[in-house]
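Enquirer: Supplied structure: entry20.cif, mmCIF, C-alpha atoms.
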data_structure
#
loop_
_atom_site.label_atom_id
_atom_site.label_comp_id
_atom_site.auth_asym_id
_atom_site.auth_seq_id
_atom_site.Cartn_x
_atom_site.Cartn_y
_atom_site.Cartn_z
CA MET I 185 167.30 13.33 -75.26
CA ARG I 186 165.85 16.14 -77.32
CA PHE I 187 167.52 19.52 -77.62
CA TRP I 188 165.39 22.61 -78.14
CA ILE I 189 166.39 26.16 -79.00
CA SER I 190 163.96 28.93 -78.12
CA VAL I 191 164.42 32.25 -79.87
CA HIS I 192 162.80 35.22 -78.13
CA LEU I 193 162.73 38.62 -79.89
CA PRO I 194 162.52 41.13 -77.01
CA LEU I 195 162.79 44.26 -79.18
CA LEU I 196 160.63 43.11 -82.08
CA PRO I 197 158.05 45.94 -81.93
CA LEU I 198 160.85 48.52 -82.18
CA GLU I 199 163.19 46.63 -84.51
CA THR I 200 160.29 46.09 -86.90
CA PHE I 201 160.71 49.81 -87.63
CA ARG I 202 164.36 50.20 -86.65
CA PRO I 203 166.54 47.12 -87.35
CA GLN I 204 169.85 46.81 -85.53
CA TRP I 205 171.77 48.46 -88.35
CA SER I 206 169.69 51.67 -88.18
CA GLU I 207 171.26 54.93 -87.10
CA PRO I 208 170.99 55.55 -83.33
CA GLY I 209 168.17 57.85 -82.29
CA LEU I 210 165.27 58.56 -79.97
CA HIS I 211 162.50 56.17 -80.96
CA VAL I 212 159.58 54.58 -79.10
CA VAL I 213 156.75 52.25 -80.02
CA ILE I 214 153.32 53.25 -78.75
CA ASP I 215 150.64 50.68 -77.97
CA ARG I 216 147.29 51.73 -76.46
CA GLU I 217 148.67 55.24 -75.93
CA GLN I 218 151.56 53.95 -73.80
CA VAL I 219 155.22 53.22 -74.48
CA LEU I 220 155.69 49.53 -75.23
CA VAL I 221 159.43 49.64 -76.01
CA ALA I 222 162.00 52.44 -76.27
CA SER I 223 165.40 52.74 -77.89
CA THR I 224 168.47 53.02 -75.69
CA GLU I 225 168.75 56.72 -76.55
CA ALA I 226 165.11 57.36 -75.64
CA ALA I 227 165.55 55.54 -72.33
CA GLU I 228 168.64 57.63 -71.58
CA ALA I 229 166.51 60.73 -72.23
CA GLY I 230 164.09 59.63 -69.51
CA VAL I 231 161.44 57.71 -71.46
CA ARG I 232 160.08 54.73 -69.53
CA ILE I 233 157.98 51.70 -70.48
CA GLY I 234 154.31 52.43 -69.79
CA MET I 235 154.72 56.20 -70.06
CA ARG I 236 151.83 58.00 -71.74
CA ARG I 237 152.28 59.63 -75.12
CA GLY I 238 151.96 63.13 -73.66
CA GLY I 239 154.59 62.39 -71.04
CA VAL I 240 157.04 61.27 -73.71
CA ALA I 241 156.51 64.49 -75.66
CA ALA I 242 157.03 66.56 -72.52
CA ILE I 243 160.31 64.84 -71.65
CA ALA I 244 161.83 64.61 -75.12
CA SER I 245 160.05 66.54 -77.84
CA ASP I 246 162.34 65.13 -80.55
CA VAL I 247 161.40 61.51 -79.90
CA THR I 248 159.95 59.71 -82.93
CA MET I 249 156.83 57.76 -81.94
CA HIS I 250 155.88 54.69 -83.96
CA GLU I 251 152.42 53.16 -83.70
CA ARG I 252 152.72 49.45 -83.04
CA ASP I 253 152.10 47.34 -86.15
CA PRO I 254 151.15 43.75 -85.19
CA VAL I 255 150.73 42.72 -88.83
CA LYS I 256 154.25 43.82 -89.68
CA GLU I 257 155.55 42.08 -86.55
CA GLN I 258 153.96 38.83 -87.66
CA GLU I 259 155.58 39.19 -91.08
CA VAL I 260 158.98 39.70 -89.46
CA VAL I 261 158.59 36.62 -87.23
CA ALA I 262 157.51 34.59 -90.27
CA ASN I 263 160.61 35.71 -92.18
CA ILE I 264 162.85 34.76 -89.26
CA ALA I 265 161.11 31.40 -89.02
CA MET I 266 161.88 30.80 -92.70
CA ALA I 267 165.55 31.59 -92.03
CA MET I 268 165.59 29.08 -89.16
CA LEU I 269 164.53 26.29 -91.52
CA GLN I 270 168.12 26.09 -92.71
CA TYR I 271 168.95 24.50 -89.34
CA THR I 272 165.95 22.22 -88.80
CA PRO I 273 162.62 21.47 -90.49
CA GLU I 274 160.98 21.51 -87.05
CA VAL I 275 160.34 25.20 -86.34
CA ALA I 276 157.19 26.38 -84.55
CA TYR I 277 155.72 29.68 -83.41
CA THR I 278 155.40 30.07 -79.64
CA ALA I 279 154.17 32.83 -77.32
CA GLU I 280 155.37 36.41 -76.93
CA PHE I 281 157.53 36.98 -80.04
CA SER I 282 159.24 33.58 -79.85
CA LEU I 283 160.09 30.53 -81.94
CA ALA I 284 160.85 26.95 -80.93
CA LEU I 285 163.41 24.89 -82.87
CA ASP I 286 163.83 21.16 -82.33
CA VAL I 287 167.45 20.77 -83.43
CA THR I 288 168.07 17.30 -81.98
CA ALA I 289 168.72 15.77 -85.38
CA SER I 290 170.79 18.75 -86.60
CA LEU I 291 173.54 18.90 -83.99
CA ARG I 292 176.12 16.79 -85.79
CA ALA I 293 175.58 18.60 -89.10
CA PHE I 294 176.27 22.01 -87.55
CA GLY I 295 179.12 21.21 -85.17
CA GLY I 296 177.31 20.59 -81.91
CA ARG I 297 175.08 22.49 -79.50
CA LEU I 298 177.14 25.61 -78.84
CA ALA I 299 178.06 26.07 -82.50
CA LEU I 300 174.43 25.78 -83.54
CA VAL I 301 173.29 28.27 -80.90
CA HIS I 302 175.83 30.78 -82.24
CA LEU I 303 174.73 30.14 -85.82
CA VAL I 304 171.10 30.78 -84.93
CA GLY I 305 172.00 34.01 -83.12
CA SER I 306 174.23 35.15 -85.99
CA SER I 307 171.50 34.51 -88.55
CA ILE I 308 168.96 36.58 -86.66
CA ALA I 309 171.47 39.38 -86.04
CA ALA I 310 172.25 39.42 -89.77
CA LEU I 311 168.56 40.05 -90.41
CA GLY I 312 168.73 43.05 -88.06
CA PHE I 313 167.05 41.70 -84.94
CA THR I 314 167.99 41.06 -81.32
CA ALA I 315 167.57 37.46 -80.17
CA ARG I 316 167.57 36.11 -76.64
CA ILE I 317 168.21 32.39 -76.88
CA GLY I 318 167.40 29.62 -74.45
CA THR I 319 168.10 25.90 -74.76
CA ALA I 320 166.65 22.96 -72.87
CA PRO I 321 165.43 19.37 -73.24
CA THR I 322 161.85 20.74 -73.53
CA ALA I 323 160.46 23.47 -75.75
CA GLN I 324 158.46 25.02 -72.91
CA GLY I 325 161.52 25.01 -70.67
CA ALA I 326 163.69 26.62 -73.35
CA TRP I 327 161.01 29.26 -73.90
CA LEU I 328 160.82 30.11 -70.21
CA LEU I 329 164.61 30.46 -69.98
CA SER I 330 164.85 32.58 -73.14
CA ARG I 331 161.96 34.80 -72.09
CA TYR I 332 162.68 35.34 -68.42
CA ALA I 333 166.35 34.67 -67.59
CA LEU I 334 167.19 38.33 -68.11
CA ASN I 335 170.59 38.88 -66.48
CA LYS I 336 173.06 39.36 -69.36
CA GLU I 337 176.01 38.49 -67.12
CA ARG I 338 174.37 35.11 -66.55
CA SER I 339 173.53 34.35 -70.18
CA LYS I 340 174.75 30.76 -69.71
CA TRP I 341 171.91 30.35 -67.20
CA ARG I 342 169.59 30.38 -70.21
CA ARG I 343 171.17 27.22 -71.61
CA CYS I 344 170.99 23.70 -70.23
CA ILE I 345 171.13 20.14 -71.56
CA LYS I 346 169.94 17.89 -68.73
CA VAL I 347 166.41 17.63 -67.38
CA GLU I 348 167.78 17.85 -63.82
CA THR I 349 169.53 21.15 -64.55
CA LEU I 350 166.43 22.52 -66.25
CA ALA I 351 164.31 21.63 -63.21
CA ARG I 352 166.60 23.56 -60.85
CA ARG I 353 166.56 26.63 -63.08
CA LEU I 354 162.82 26.55 -63.61
CA ASP I 355 162.23 26.13 -59.87
CA ALA I 356 163.88 29.53 -59.27
CA LEU I 357 161.77 31.47 -61.78
CA PRO I 358 158.87 33.66 -60.57
CA LEU I 359 155.63 31.72 -61.00
CA MET I 360 154.04 34.48 -63.11
CA VAL I 361 156.42 33.66 -65.96
CA LEU I 362 154.02 30.85 -66.83
CA PRO I 363 151.05 32.43 -68.67
CA GLU I 364 148.64 29.81 -67.31
CA THR I 365 149.29 30.91 -63.69
CA ARG I 366 148.62 34.62 -64.16
CA THR I 367 144.84 34.39 -63.79
CA TYR I 368 145.34 32.95 -60.30
CA ARG I 369 147.90 35.39 -59.02
CA GLN I 370 145.82 36.51 -56.05
CA TRP I 371 145.30 32.93 -54.87
CA PHE I 372 148.99 32.05 -55.24
CA ASP I 373 149.96 35.21 -53.32
CA GLY I 374 147.55 34.23 -50.58
CA ILE I 375 149.20 30.85 -50.00
CA GLY I 376 152.74 32.22 -50.26
CA CYS I 377 153.69 30.76 -53.66
CA GLN I 378 156.32 32.86 -55.39
CA THR I 379 158.25 30.56 -57.74
CA LEU I 380 157.56 27.75 -60.18
CA GLY I 381 159.20 25.45 -57.67
CA ASP I 382 156.62 26.45 -55.06
CA VAL I 383 153.79 25.68 -57.47
CA LYS I 384 155.35 22.39 -58.57
CA HIS I 385 155.44 21.12 -54.99
CA LEU I 386 151.76 21.81 -54.30
CA PRO I 387 149.48 18.74 -54.18
CA ARG I 388 148.42 18.17 -57.78
CA ALA I 389 144.78 17.41 -57.01
CA GLY I 390 144.39 20.55 -54.94
CA LEU I 391 146.20 22.68 -57.51
CA GLN I 392 143.93 21.49 -60.29
CA ARG I 393 140.84 22.02 -58.16
CA ARG I 394 141.79 25.62 -57.28
CA THR I 395 143.06 26.55 -60.76
CA ASN I 396 142.52 24.31 -63.80
CA LYS I 397 144.20 21.51 -65.71
CA SER I 398 146.04 23.92 -68.01
CA VAL I 399 148.35 24.96 -65.13
CA LEU I 400 149.38 21.35 -64.49
CA ASP I 401 149.76 20.67 -68.21
CA ALA I 402 152.01 23.72 -68.66
CA LEU I 403 154.18 22.69 -65.71
CA ASP I 404 154.44 19.13 -67.01
CA ARG I 405 155.49 20.32 -70.46
CA ALA I 406 158.13 22.63 -69.02
CA TYR I 407 159.64 20.02 -66.70
CA GLY I 408 159.56 17.22 -69.27
CA HIS I 409 156.66 15.23 -67.82
CA GLY I 410 154.10 15.97 -70.53
CA GLN I 411 153.84 15.69 -74.29
CA GLU I 412 154.55 18.80 -76.37
CA LEU I 413 152.68 19.14 -79.66
CA PHE I 414 153.40 21.72 -82.34
CA GLU I 415 152.23 22.79 -85.76
CA TRP I 416 155.47 23.13 -87.70
CA VAL I 417 156.19 26.09 -89.94
CA GLN I 418 155.84 25.12 -93.59
CA ALA I 419 158.20 26.58 -96.19
CA PRO I 420 156.84 27.63 -99.59
CA PRO I 421 157.55 25.01 -102.31
CA THR I 422 160.25 27.17 -103.96
CA PHE I 423 161.89 28.28 -100.70
CA THR I 424 165.61 27.65 -100.15
CA ALA I 425 166.80 28.27 -96.57
CA LYS I 426 170.21 29.78 -97.14
CA MET I 427 171.74 33.12 -96.16
CA GLU I 428 175.12 34.79 -95.79
CA LEU I 429 176.36 35.14 -92.21
CA PRO I 430 178.85 37.59 -90.72
CA ASP I 431 182.12 36.18 -89.39
CA ARG I 432 181.28 37.01 -85.79
CA ILE I 433 178.29 38.44 -83.95
CA GLU I 434 178.25 39.41 -80.29
CA TYR I 435 174.86 39.01 -78.61
#
Would you mind writing the file's structure down as structure tokens?
Expert:
Amino acid sequence: MRFWISVHLPLLPLETFRPQWSEPGLHVVIDREQVLVASTEAAEAGVRIGMRRGGVAAIASDVTMHERDPVKEQEVVANIAMAMLQYTPEVAYTAEFSLALDVTASLRAFGGRLALVHLVGSSIAALGFTARIGTAPTAQGAWLLSRYALNKERSKWRRCIKVETLARRLDALPLMVLPETRTYRQWFDGIGCQTLGDVKHLPRAGLQRRTNKSVLDALDRAYGHGQELFEWVQAPPTFTAKMELPDRIEY
């Protein structure tokens, strides 16, 4: 059975400007004139996600506003992907600031599943970025757990090994976590569907007729019933994937 690690970077737009080791301060990233992400200090001062630029200035005049830089974000994700190649040659970019790592063949070399998860988290923390990590027998399933299992006290909920466990955890997630379902939100609301489990149990022919095949394909990939295809990250010819890690990182 395959073992996937999904790395989601929830604070990437902010940490692109302010890595973890930066001095604390009031900082926000602005995208389309609204707050996309705010530092802890800015949030404590009353800044909220979605707040307009003028509202931020009115609440906390000493907040530093950074204009979102998608090009720089892509460079950061590419650098992190290069660092992940030290653990597996099978690293791929996925949606919403995330990477997928097929580490099935690497487990013995790095001391097993839990040890490898901690090594991946430590590597990313050493680069100055926050990582939310999910593991599962499918890449899509690992991505969904890393992206949407948000309760820090239940961080183990983001990690599973068996397909049966993954299915139970996916069933409980809100259906809008799957990008392919979002276009059809009004229809799903109308028939009382709220979770991925609700969608999964709809008749497949009717679901495809009322939405499209991409919804079924995404569900199949997540639950392990469909083939997952990736374009793997390629390292430059002279690249050596090696870095110094701290003794211990809490994340």
Enquirer: Take the PyMOL selection byres ((chain I and resi 284) around 9), apply it to the structure above, and return the hits as a ChimeraX atom specification.
Expert: /I:188-192,274-278,282-283,285-286,323-324,326-327
Enquirer: Got time to write the residues from that selection, C-alpha atoms, as a JSON list (two decimals), keeping the file's coordinate frame?
Expert:
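Now in result_33.json:
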[["chain", "number", "residue", "atom", "x", "y", "z"],
["I", 188, "TRP", "CA", 165.39, 22.61, -78.14],
["I", 189, "ILE", "CA", 166.39, 26.16, -79.00],
["I", 190, "SER", "CA", 163.96, 28.93, -78.12],
["I", 191, "VAL", "CA", 164.42, 32.25, -79.87],
["I", 192, "HIS", "CA", 162.80, 35.22, -78.13],
["I", 274, "GLU", "CA", 160.98, 21.51, -87.05],
["I", 275, "VAL", "CA", 160.34, 25.20, -86.34],
["I", 276, "ALA", "CA", 157.19, 26.38, -84.55],
["I", 277, "TYR", "CA", 155.72, 29.68, -83.41],
["I", 278, "THR", "CA", 155.40, 30.07, -79.64],
["I", 282, "SER", "CA", 159.24, 33.58, -79.85],
["I", 283, "LEU", "CA", 160.09, 30.53, -81.94],
["I", 285, "LEU", "CA", 163.41, 24.89, -82.87],
["I", 286, "ASP", "CA", 163.83, 21.16, -82.33],
["I", 323, "ALA", "CA", 160.46, 23.47, -75.75],
["I", 324, "GLN", "CA", 158.46, 25.02, -72.91],
["I", 326, "ALA", "CA", 163.69, 26.62, -73.35],
["I", 327, "TRP", "CA", 161.01, 29.26, -73.90]]
Enquirer: Pull out every residue that the PyMOL selection byres ((chain I and resi 405) around 12) matches in the shown coordinates and put them as a PyMOL selection string.
Expert: chain I and resi 320-328+347+350-351+354+362+398-404+406-413
Enquirer: Generate the output file for the selected residues, C-alpha atoms, as a compact mmCIF listing (two decimals), in the frame of the given file.
Expert:
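Final output, saved to result_3.txt:
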# COMPACT_ATOMS: atom_id res chain seq x y z
CA ALA I 320 166.65 22.96 -72.87
CA PRO I 321 165.43 19.37 -73.24
CA THR I 322 161.85 20.74 -73.53
CA ALA I 323 160.46 23.47 -75.75
CA GLN I 324 158.46 25.02 -72.91
CA GLY I 325 161.52 25.01 -70.67
CA ALA I 326 163.69 26.62 -73.35
CA TRP I 327 161.01 29.26 -73.90
CA LEU I 328 160.82 30.11 -70.21
CA VAL I 347 166.41 17.63 -67.38
CA LEU I 350 166.43 22.52 -66.25
CA ALA I 351 164.31 21.63 -63.21
CA LEU I 354 162.82 26.55 -63.61
CA LEU I 362 154.02 30.85 -66.83
CA SER I 398 146.04 23.92 -68.01
CA VAL I 399 148.35 24.96 -65.13
CA LEU I 400 149.38 21.35 -64.49
CA ASP I 401 149.76 20.67 -68.21
CA ALA I 402 152.01 23.72 -68.66
CA LEU I 403 154.18 22.69 -65.71
CA ASP I 404 154.44 19.13 -67.01
CA ALA I 406 158.13 22.63 -69.02
CA TYR I 407 159.64 20.02 -66.70
CA GLY I 408 159.56 17.22 -69.27
CA HIS I 409 156.66 15.23 -67.82
CA GLY I 410 154.10 15.97 -70.53
CA GLN I 411 153.84 15.69 -74.29
CA GLU I 412 154.55 18.80 -76.37
CA LEU I 413 152.68 19.14 -79.66
Enquirer: Residues near Phe372 of chain I, anyone? I mean within 9 Å using only C-alpha atoms, not counting same-chain ones fewer than 5 positions away, as a PyMOL selection string.
Expert: chain I and resi 359+365+377-378+383
Enquirer: Quick one: distance from atom CA of Val361 of chain I to atom CA of Ala262 of chain I in Å, one decimal?
Expert: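 Atom CA of Val361 of chain I sits 24.4 Å away from atom CA of Ala262 of chain I.
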Enquirer: Where does the PyMOL selection byres ((chain I and resi 298) around 12) land in this file, that is, which residues does it pick, as number ranges by chain?
Expert: I: 187, 189, 287, 291-292, 294-297, 299-305, 317-319, 340, 343-345
Enquirer: Would you work out the distance separating atom CA of Thr224 of chain I from atom CA of Val247 of chain I, expressed in Å to one decimal?
Expert: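 If I compute the distance from atom CA of Thr224 of chain I to atom CA of Val247 of chain I, I get 11.8 Å.
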Enquirer: For a quick check of your reading of the model, name the residues lying within 9 Å of the coordinate (164.2, 18.8, -57.8), counting only C-alpha atoms, and write them as a ChimeraX atom specification.
Expert: /I:348-349,351-352,355,381
Enquirer: To one decimal in Å, tell me the separation between atom CA of Pro254 of chain I and atom CA of Glu280 of chain I.
Expert: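 Atom CA of Glu280 of chain I lies at a distance of 11.8 Å from atom CA of Pro254 of chain I.
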Enquirer: Using all atoms listed in the file, which of the listed residues (I:Arg186, I:Lys346, I:Arg394, I:Arg252) sits closest to Leu220 of chain I?
Expert: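 Smallest distance to Leu220 of chain I is found for I:Arg252.
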